[in-house]
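Colleague: My structure is in structure-v8.txt, and what it holds is compact mmCIF, C-alpha atoms:
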# COMPACT_ATOMS: atom_id res chain seq x y z
CA MET A 1 98.34 26.96 116.84
CA GLU A 2 99.85 27.98 120.17
CA LYS A 3 100.62 31.42 118.75
CA ASP A 4 97.05 31.78 117.46
CA LEU A 5 95.63 30.68 120.82
CA LYS A 6 97.66 33.29 122.68
CA GLU A 7 96.47 35.96 120.25
CA ALA A 8 92.85 34.89 120.80
CA GLU A 9 93.35 35.07 124.58
CA ARG A 10 94.81 38.55 124.19
CA ILE A 11 91.79 39.73 122.18
CA VAL A 12 89.35 38.23 124.70
CA GLY A 13 91.23 40.04 127.45
CA ILE A 14 90.73 43.35 125.62
CA TYR A 15 86.99 42.71 125.34
CA GLU A 16 86.78 41.79 129.02
CA LYS A 17 88.53 45.04 129.95
CA ILE A 18 86.14 47.08 127.80
CA ALA A 19 83.13 45.29 129.31
CA ARG A 20 84.40 45.93 132.82
CA GLU A 21 85.84 49.46 132.57
CA LYS A 22 83.76 51.06 129.80
CA LEU A 23 80.42 49.27 129.93
CA GLY A 24 80.34 48.68 133.68
CA ARG A 25 79.71 44.96 133.36
CA ILE A 26 80.95 43.06 136.36
CA SER A 27 82.76 39.73 136.20
CA ALA A 28 81.19 36.42 137.19
CA THR A 29 82.55 36.83 140.74
CA HIS A 30 80.11 39.75 141.17
CA ARG A 31 76.88 38.52 139.58
CA GLN A 32 74.80 41.09 137.72
CA VAL A 33 71.30 40.50 136.36
CA GLU A 34 70.06 42.45 133.32
CA PHE A 35 66.45 43.02 132.24
CA HIS A 36 64.99 44.62 129.14
CA VAL A 37 63.93 48.23 129.76
CA GLU A 38 60.30 47.55 128.70
CA LEU A 39 60.01 44.95 131.48
CA ILE A 40 61.31 47.40 134.09
CA GLU A 41 58.98 50.14 132.79
CA GLY A 42 55.99 47.80 133.02
CA LEU A 43 56.90 46.80 136.56
CA TYR A 44 57.38 50.43 137.62
CA TYR A 45 54.03 51.59 136.25
CA ASP A 46 52.24 48.53 137.68
CA ILE A 47 53.57 49.40 141.15
CA CYS A 48 52.57 53.07 140.74
CA HIS A 49 49.03 52.29 139.59
CA THR A 50 48.45 49.49 142.10
CA THR A 51 49.55 51.49 145.15
CA ARG A 52 48.14 54.91 144.15
CA GLY A 53 45.61 56.15 146.72
CA ARG A 54 45.87 53.03 148.90
CA GLU A 55 46.69 53.08 152.61
CA LEU A 56 49.57 50.71 153.28
CA PRO A 57 51.37 49.68 156.47
CA ALA A 58 54.45 51.82 157.12
CA ASP A 59 56.91 48.99 156.48
CA VAL A 60 55.20 48.02 153.20
CA LEU A 61 55.05 51.65 152.07
CA SER A 62 58.75 52.09 152.82
CA MET A 63 59.58 48.98 150.79
CA VAL A 64 57.42 50.16 147.86
CA ASP A 65 59.07 53.59 147.91
CA ARG A 66 62.55 52.04 147.90
CA LEU A 67 61.62 49.77 145.01
CA LYS A 68 60.13 52.65 143.00
CA ALA A 69 63.21 54.80 143.65
CA THR A 70 65.52 51.97 142.52
CA LEU A 71 63.57 51.49 139.28
CA HIS A 72 63.07 55.21 138.76
CA VAL A 73 66.76 56.08 138.63
CA LYS A 74 67.23 53.49 135.87
CA LEU A 75 64.24 54.61 133.82
CA PHE A 76 64.07 58.40 133.82
CA LYS A 77 66.41 61.28 133.18
CA ASP A 78 65.84 64.93 134.02
CA VAL A 79 65.17 67.02 130.92
CA ASP A 80 67.58 69.70 132.18
CA GLN A 81 70.39 67.16 132.14
CA VAL A 82 69.59 66.06 128.59
CA PHE A 83 69.50 69.64 127.25
CA ALA A 84 72.69 70.49 129.13
CA ASP A 85 74.36 67.82 127.01
CA LEU A 86 72.66 68.98 123.80
CA VAL A 87 73.63 72.65 124.06
CA GLU A 88 77.30 71.82 124.59
CA CYS A 89 77.58 71.92 120.79
CA LEU A 90 76.57 75.60 120.59
CA PRO A 91 79.96 77.22 121.39
CA VAL A 92 81.70 75.06 118.79
CA LEU A 93 79.06 75.78 116.15
CA ALA A 94 79.20 79.49 116.96
CA ARG A 95 82.96 79.54 116.56
CA ASP A 96 82.84 77.69 113.23
CA LEU A 97 80.17 80.06 111.90
CA HIS A 98 81.82 83.20 113.31
CA LYS A 99 78.81 83.96 115.48
CA GLU A 100 78.25 84.64 119.15
CA THR A 101 77.26 81.71 121.35
CA PRO A 102 73.51 82.17 121.86
CA ARG A 103 71.68 82.25 125.17
CA PHE A 104 69.56 79.17 125.71
CA GLU A 105 66.40 79.03 127.83
CA LEU A 106 64.48 75.93 128.85
CA HIS A 107 61.09 76.21 130.55
CA HIS A 108 59.19 73.21 131.92
CA SER A 109 57.31 72.00 134.97
CA GLY A 110 59.63 69.20 136.10
CA ILE A 111 59.62 66.93 133.05
CA LEU A 112 61.43 63.59 133.21
CA LEU A 113 62.32 61.53 130.15
CA THR A 114 62.15 57.82 129.45
CA GLU A 115 64.95 56.25 127.44
CA ARG A 116 62.75 56.42 124.32
CA ALA A 117 61.98 60.12 124.87
CA GLU A 118 65.65 60.90 125.40
CA ASP A 119 66.52 59.24 122.10
CA VAL A 120 63.82 61.24 120.28
CA PHE A 121 64.96 64.51 121.90
CA ARG A 122 68.58 63.94 120.97
CA ARG A 123 67.68 63.16 117.34
CA VAL A 124 65.29 66.10 116.98
CA PHE A 125 66.89 68.91 118.97
CA VAL A 126 70.45 68.37 117.79
CA HIS A 127 69.21 69.19 114.31
CA LEU A 128 66.97 72.09 115.37
CA LEU A 129 69.84 73.69 117.31
CA ARG A 130 72.21 73.32 114.38
CA ASN A 131 69.56 74.65 112.03
CA SER A 132 69.15 77.74 114.21
CA MET A 133 72.88 78.33 114.28
CA ASP A 134 73.37 77.81 110.55
CA HIS A 135 70.24 79.37 109.01
CA GLY A 136 68.45 81.31 111.74
CA LEU A 137 70.69 83.37 114.00
CA GLU A 138 72.66 86.14 112.33
CA THR A 139 76.23 87.23 113.02
CA ALA A 140 76.77 89.91 115.66
CA PRO A 141 77.28 92.72 113.08
CA GLU A 142 74.13 91.68 111.20
CA ARG A 143 72.09 91.63 114.40
CA SER A 144 73.42 95.03 115.49
CA LYS A 145 72.41 96.58 112.17
CA LYS A 146 68.87 95.30 112.77
CA GLY A 147 68.78 96.76 116.28
CA LYS A 148 69.12 93.37 117.96
CA GLU A 149 71.44 92.29 120.75
CA PRO A 150 74.68 90.82 119.31
CA VAL A 151 73.98 87.54 121.11
CA GLY A 152 71.13 85.41 119.74
CA HIS A 153 68.50 83.70 121.84
CA ILE A 154 67.08 80.16 121.60
CA ARG A 155 64.10 79.15 123.72
CA VAL A 156 62.41 75.80 124.37
CA SER A 157 59.28 75.45 126.49
CA MET A 158 57.20 72.39 127.25
CA GLN A 159 53.97 71.77 129.08
CA ARG A 160 51.74 68.79 129.71
CA ASP A 161 48.21 68.86 128.32
CA GLY A 162 46.37 65.72 129.40
CA GLU A 163 47.97 62.77 127.66
CA ARG A 164 50.19 64.91 125.43
CA LEU A 165 53.34 66.97 125.94
CA HIS A 166 53.42 70.21 123.93
CA LEU A 167 56.76 71.81 123.11
CA VAL A 168 57.64 75.13 121.49
CA TYR A 169 61.04 75.74 119.87
CA GLU A 170 62.01 79.20 118.66
CA ASP A 171 64.95 81.53 118.11
CA ASP A 172 65.15 85.29 117.52
CA GLY A 173 66.99 84.98 114.23
CA ARG A 174 66.12 86.19 110.75
CA GLY A 175 63.17 83.81 110.41
CA LEU A 176 62.03 81.76 107.45
CA HIS A 177 62.77 83.05 103.94
CA ILE A 178 59.37 82.30 102.40
CA ALA A 179 60.21 83.93 99.06
CA ARG A 180 63.27 81.72 98.71
CA ILE A 181 61.29 78.61 99.64
CA ARG A 182 58.70 79.47 96.98
CA ASP A 183 61.42 79.82 94.31
CA ILE A 184 62.91 76.43 95.24
CA GLY A 185 59.47 74.83 95.31
CA LEU A 186 58.71 76.10 91.81
CA ALA A 187 62.11 75.04 90.47
CA ARG A 188 61.64 71.51 91.78
CA GLY A 189 58.04 71.15 90.71
CA LEU A 190 56.74 70.93 94.27
CA ILE A 191 54.22 73.73 93.74
CA SER A 192 52.44 75.28 90.78
CA GLU A 193 52.96 78.77 89.37
CA ASP A 194 49.19 79.08 88.91
CA VAL A 195 48.32 78.72 92.60
CA ASN A 196 48.51 81.59 95.09
CA TYR A 197 49.95 79.77 98.13
CA THR A 198 49.77 81.21 101.61
CA ALA A 199 52.97 81.78 103.55
CA ALA A 200 51.97 78.96 105.91
CA ALA A 201 51.54 76.51 103.01
CA LEU A 202 54.93 77.47 101.58
CA ALA A 203 56.56 77.06 105.02
CA GLU A 204 55.40 73.43 105.08
CA LEU A 205 57.71 72.75 102.13
CA ILE A 206 60.72 72.65 104.48
CA PHE A 207 59.49 69.19 105.50
CA ASP A 208 59.82 67.99 101.92
CA SER A 209 62.69 65.53 101.54
CA GLY A 210 65.93 67.19 100.51
CA LEU A 211 64.66 70.79 100.45
CA SER A 212 67.23 73.32 101.67
CA THR A 213 67.08 77.13 101.61
CA ALA A 214 70.85 77.45 101.92
CA ASN A 215 72.72 78.73 98.87
CA GLN A 216 75.19 75.90 99.27
CA VAL A 217 75.52 72.76 101.34
CA SER A 218 77.16 73.45 104.70
CA ASP A 219 78.97 71.19 107.12
CA ILE A 220 76.67 72.29 109.96
CA SER A 221 73.09 71.48 109.02
CA GLY A 222 73.06 71.08 105.24
CA ARG A 223 74.01 67.40 105.24
CA GLY A 224 72.41 64.27 106.60
CA VAL A 225 69.29 64.76 108.69
CA GLY A 226 66.75 67.21 107.22
CA MET A 227 63.47 68.52 108.54
CA ASP A 228 61.71 65.64 106.83
CA ALA A 229 63.68 63.24 109.02
CA VAL A 230 62.90 65.32 112.14
CA ARG A 231 59.19 64.97 111.37
CA SER A 232 59.67 61.25 110.74
CA PHE A 233 61.44 60.77 114.12
CA LEU A 234 58.53 62.43 115.90
CA GLN A 235 55.82 60.58 113.96
CA ASP A 236 57.50 57.26 114.72
CA ALA A 237 57.21 58.15 118.42
CA GLY A 238 53.50 59.01 118.07
CA GLY A 239 54.07 62.77 117.82
CA GLY A 240 54.31 65.50 115.25
CA ILE A 241 55.74 68.91 114.34
CA THR A 242 54.18 71.97 112.70
CA ILE A 243 55.28 75.52 111.92
CA GLN A 244 53.64 78.61 113.39
CA LEU A 245 54.52 81.72 111.39
CA GLY A 246 54.65 85.16 112.96
CA GLU A 247 54.91 88.59 111.41
CA GLU A 248 57.00 89.46 108.36
CA LYS A 249 60.16 90.77 109.99
CA GLU A 250 61.83 91.94 106.78
CA PRO A 251 60.86 91.52 103.11
CA GLY A 252 60.31 87.80 102.47
CA PHE A 253 61.35 86.70 105.99
CA PHE A 254 58.78 85.56 108.56
CA ALA A 255 59.27 84.86 112.27
CA LEU A 256 58.58 81.24 113.11
CA ARG A 257 58.34 78.74 115.90
CA PHE A 258 58.17 74.97 115.79
CA LEU A 259 55.26 73.35 117.64
CA ILE A 260 55.99 69.78 118.70
CA ASP A 261 53.77 67.32 120.52
CA LEU A 262 54.45 63.84 121.87
CA PRO A 263 52.46 61.28 123.90
CA PHE A 264 53.02 61.81 127.62
CA VAL A 265 53.51 58.08 128.12
CA LEU A 266 57.11 58.81 127.08
CA PHE A 267 57.53 61.15 130.04
CA GLU A 268 56.88 61.67 133.72
CA GLU A 269 56.26 64.82 135.69
CA ARG A 270 58.00 65.61 138.95
CA LEU A 271 55.63 66.76 141.67
CA PRO A 272 56.28 70.01 143.58
CA ASN A 273 57.35 68.06 146.68
CA GLY A 274 60.05 66.25 144.71
CA GLY A 275 58.05 63.07 144.14
CA GLN A 276 57.02 61.61 140.81
CA ARG A 277 53.70 61.00 139.16
CA ALA A 278 53.47 58.12 136.73
CA ALA A 279 52.02 58.86 133.31
Show me, as structure tokens, the structure contained in the file I just sent.
Modeller:
Amino acid sequence: MEKDLKEAERIVGIYEKIAREKLGRISATHRQVEFHVELIEGLYYDICHTTRGRELPADVLSMVDRLKATLHVKLFKDVDQVFADLVECLPVLARDLHKETPRFELHHSGILLTERAEDVFRRVFVHLLRNSMDHGLETAPERSKKGKEPVGHIRVSMQRDGERLHLVYEDDGRGLHIARIRDIGLARGLISEDVNYTAAALAELIFDSGLSTANQVSDISGRGVGMDAVRSFLQDAGGGITIQLGEEKEPGFFALRFLIDLPFVLFEERLPNGGQRAA
């Protein structure tokens, strides 16, 4: 029993060390109070709405600003920071696929993310980036033969429109192989041979569960999360995703961009003077 007790104390000590050094939880000698994020969000927005446009004494205004700043740093993350983390995977993917690391552009007007929005972005854009690397962007020799720069280009832009945030995701790769999608759709009974489908209707098939235009399953984007799951992630958050096809770049291949929208309640917009505006 004494041996078992010592082993239990050792295990508890390991958990205490993890809580202190990895999770940042402080011991009882330094009391720390935790609240659920929804409670903090509600308090933050209540303060913003209650004080907006009101003239307050200088000392009260200073206190309100300090309180908002304290809550703000716990609630929101800059979208640039989130994408900086996301695109760290690109050099590794490029190396594994024998491609050049693409240039990445992000355009926005000072968007800040809630914890929920960050989770959605990480789930969605990790897959879109991998999909671009695996199926979209060509190798440097292939791109040179087509008159393109050897280095591919991925671009994300986002803009607020009232109570929605609209996002556009695109790359300058080979595009969507509509002819191949049609063949797979026919083989799997998803479409009928008798119907003359538009390219846009055939493109929508990529959101069908399990559909893949790759000749074989790859370790990059051919396993796990598919475009059906990406759409599901966005719908669960009150958003959606559609495809906008461009011109036919080469026989059977069409340029494309993904159009994504989400409720702006998941975000906040930084004002030009560095302040914040609550959704």
Colleague: Enclose region 200-211 of chain A, meaning all of its atoms listed in the file, in a box aligned along x, y and z, pad it by 4 Å on each side, and list the centre and edge lengths in Å to one decimal, as lines of an AutoDock Vina configuration file.
Modeller:
center_x = 58.7
center_y = 72.2
center_z = 103.2
size_x = 22.4
size_y = 21.4
size_z = 13.5
Colleague: Between A:Ser62, A:Arg155, A:Ile111, A:Lys145, single out the one closest to Val87 (chain A), counting all atoms listed in the file.
Modeller: A:Arg155
Colleague: Give me the residues near Leu234 (chain A) as a list in words, where near means some atom within 12 Å (using only C-alpha atoms) and where sequence neighbours in that chain fewer than 6 positions away do not count.
Modeller: Arg116, Ala117, Glu118, Asp119, Val120, Phe121, Arg122, Arg123, Val124, Phe125, Leu167, Met227, Asp228, Gly240, Ile241, Thr242, Leu259, Ile260, Asp261, Leu262, Pro263 and Leu266 of chain A
Colleague: Out of A:Pro141, A:Gly238, A:Gly162, A:Gly173, which residue has the shortest atom-to-atom distance to Glu250 (chain A) when counting only C-alpha atoms?
Modeller: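 Of all the options, A:Gly173 lies closest to Glu250 (chain A).
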Colleague: Provide the CA of Glu248 (chain A) to CA of Ser232 (chain A) distance in Å, to one decimal place.
Modeller: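 According to the coordinates, CA of Glu248 (chain A) and CA of Ser232 (chain A) are separated by 28.4 Å.
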Colleague: Mind giving me the straight-line distance from CA of Asp85 (chain A) to CA of Leu165 (chain A) in Å, one decimal?
Modeller: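 If I compute the distance from CA of Asp85 (chain A) to CA of Leu165 (chain A), I get 21.1 Å.
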Colleague: Looking at A:Gly189, A:Arg174, A:Tyr169, A:Ser144, which one is nearest to His127 (chain A), with distances taken over all atoms listed in the file?
Modeller: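 Closest to His127 (chain A), using all atoms listed in the file: A:Tyr169.
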Colleague: Would you work out the distance separating CA of Asp161 (chain A) from CA of Glu269 (chain A), expressed in Å to one decimal?
Modeller: 11.6 Å
Colleague: Near His98 (chain A), within 9 Å and counting all atoms listed in the file, which residues show up once chain neighbours fewer than 4 positions away are dropped, as a list in words?
Modeller: Leu93, Ala94, Thr139 and Ala140 of chain A
Colleague: Find, counting only C-alpha atoms, the residue in A:Cys48, A:Leu205, A:Leu176, A:Leu86 that gets nearest to Asp65 (chain A).
Modeller: A:Cys48
Colleague: So, with all atoms listed in the file as the atoms that count, which of A:Ala179, A:Leu211, A:Leu106, A:Val265 lies closest to Phe253 (chain A)?
Modeller: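 Nearest to Phe253 (chain A): A:Ala179.
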Colleague: In terms of the shortest atom-to-atom distance over only C-alpha atoms, which of A:Leu56, A:Ala229, A:Leu90, A:Ala199 is closest to Gly152 (chain A)?
Modeller: A:Leu90
Colleague: Taking 4 positions as the minimum chain separation for residues in the same chain, which residues sit within 7 Å of region 182-184 of chain A when counting all atoms listed in the file? Answer as a list in words.
Modeller: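 Those residues are Ile178, Arg188 and Leu202 of chain A.
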Colleague: Skipping near chain neighbours, those fewer than 3 positions away, what residues fall within 8 Å of His153 (chain A) using only C-alpha atoms, listed as a PyMOL selection string?
Modeller: chain A and resi 102-105+171-173
Colleague: How would the residues just chosen look if you wrote them out with C-alpha atoms as a tab-separated table (two decimals), keeping the file's coordinate frame?
Modeller:
chain	number	residue	atom	x	y	z
A	102	PRO	CA	73.51	82.17	121.86
A	103	ARG	CA	71.68	82.25	125.17
A	104	PHE	CA	69.56	79.17	125.71
A	105	GLU	CA	66.40	79.03	127.83
A	171	ASP	CA	64.95	81.53	118.11
A	172	ASP	CA	65.15	85.29	117.52
A	173	GLY	CA	66.99	84.98	114.23
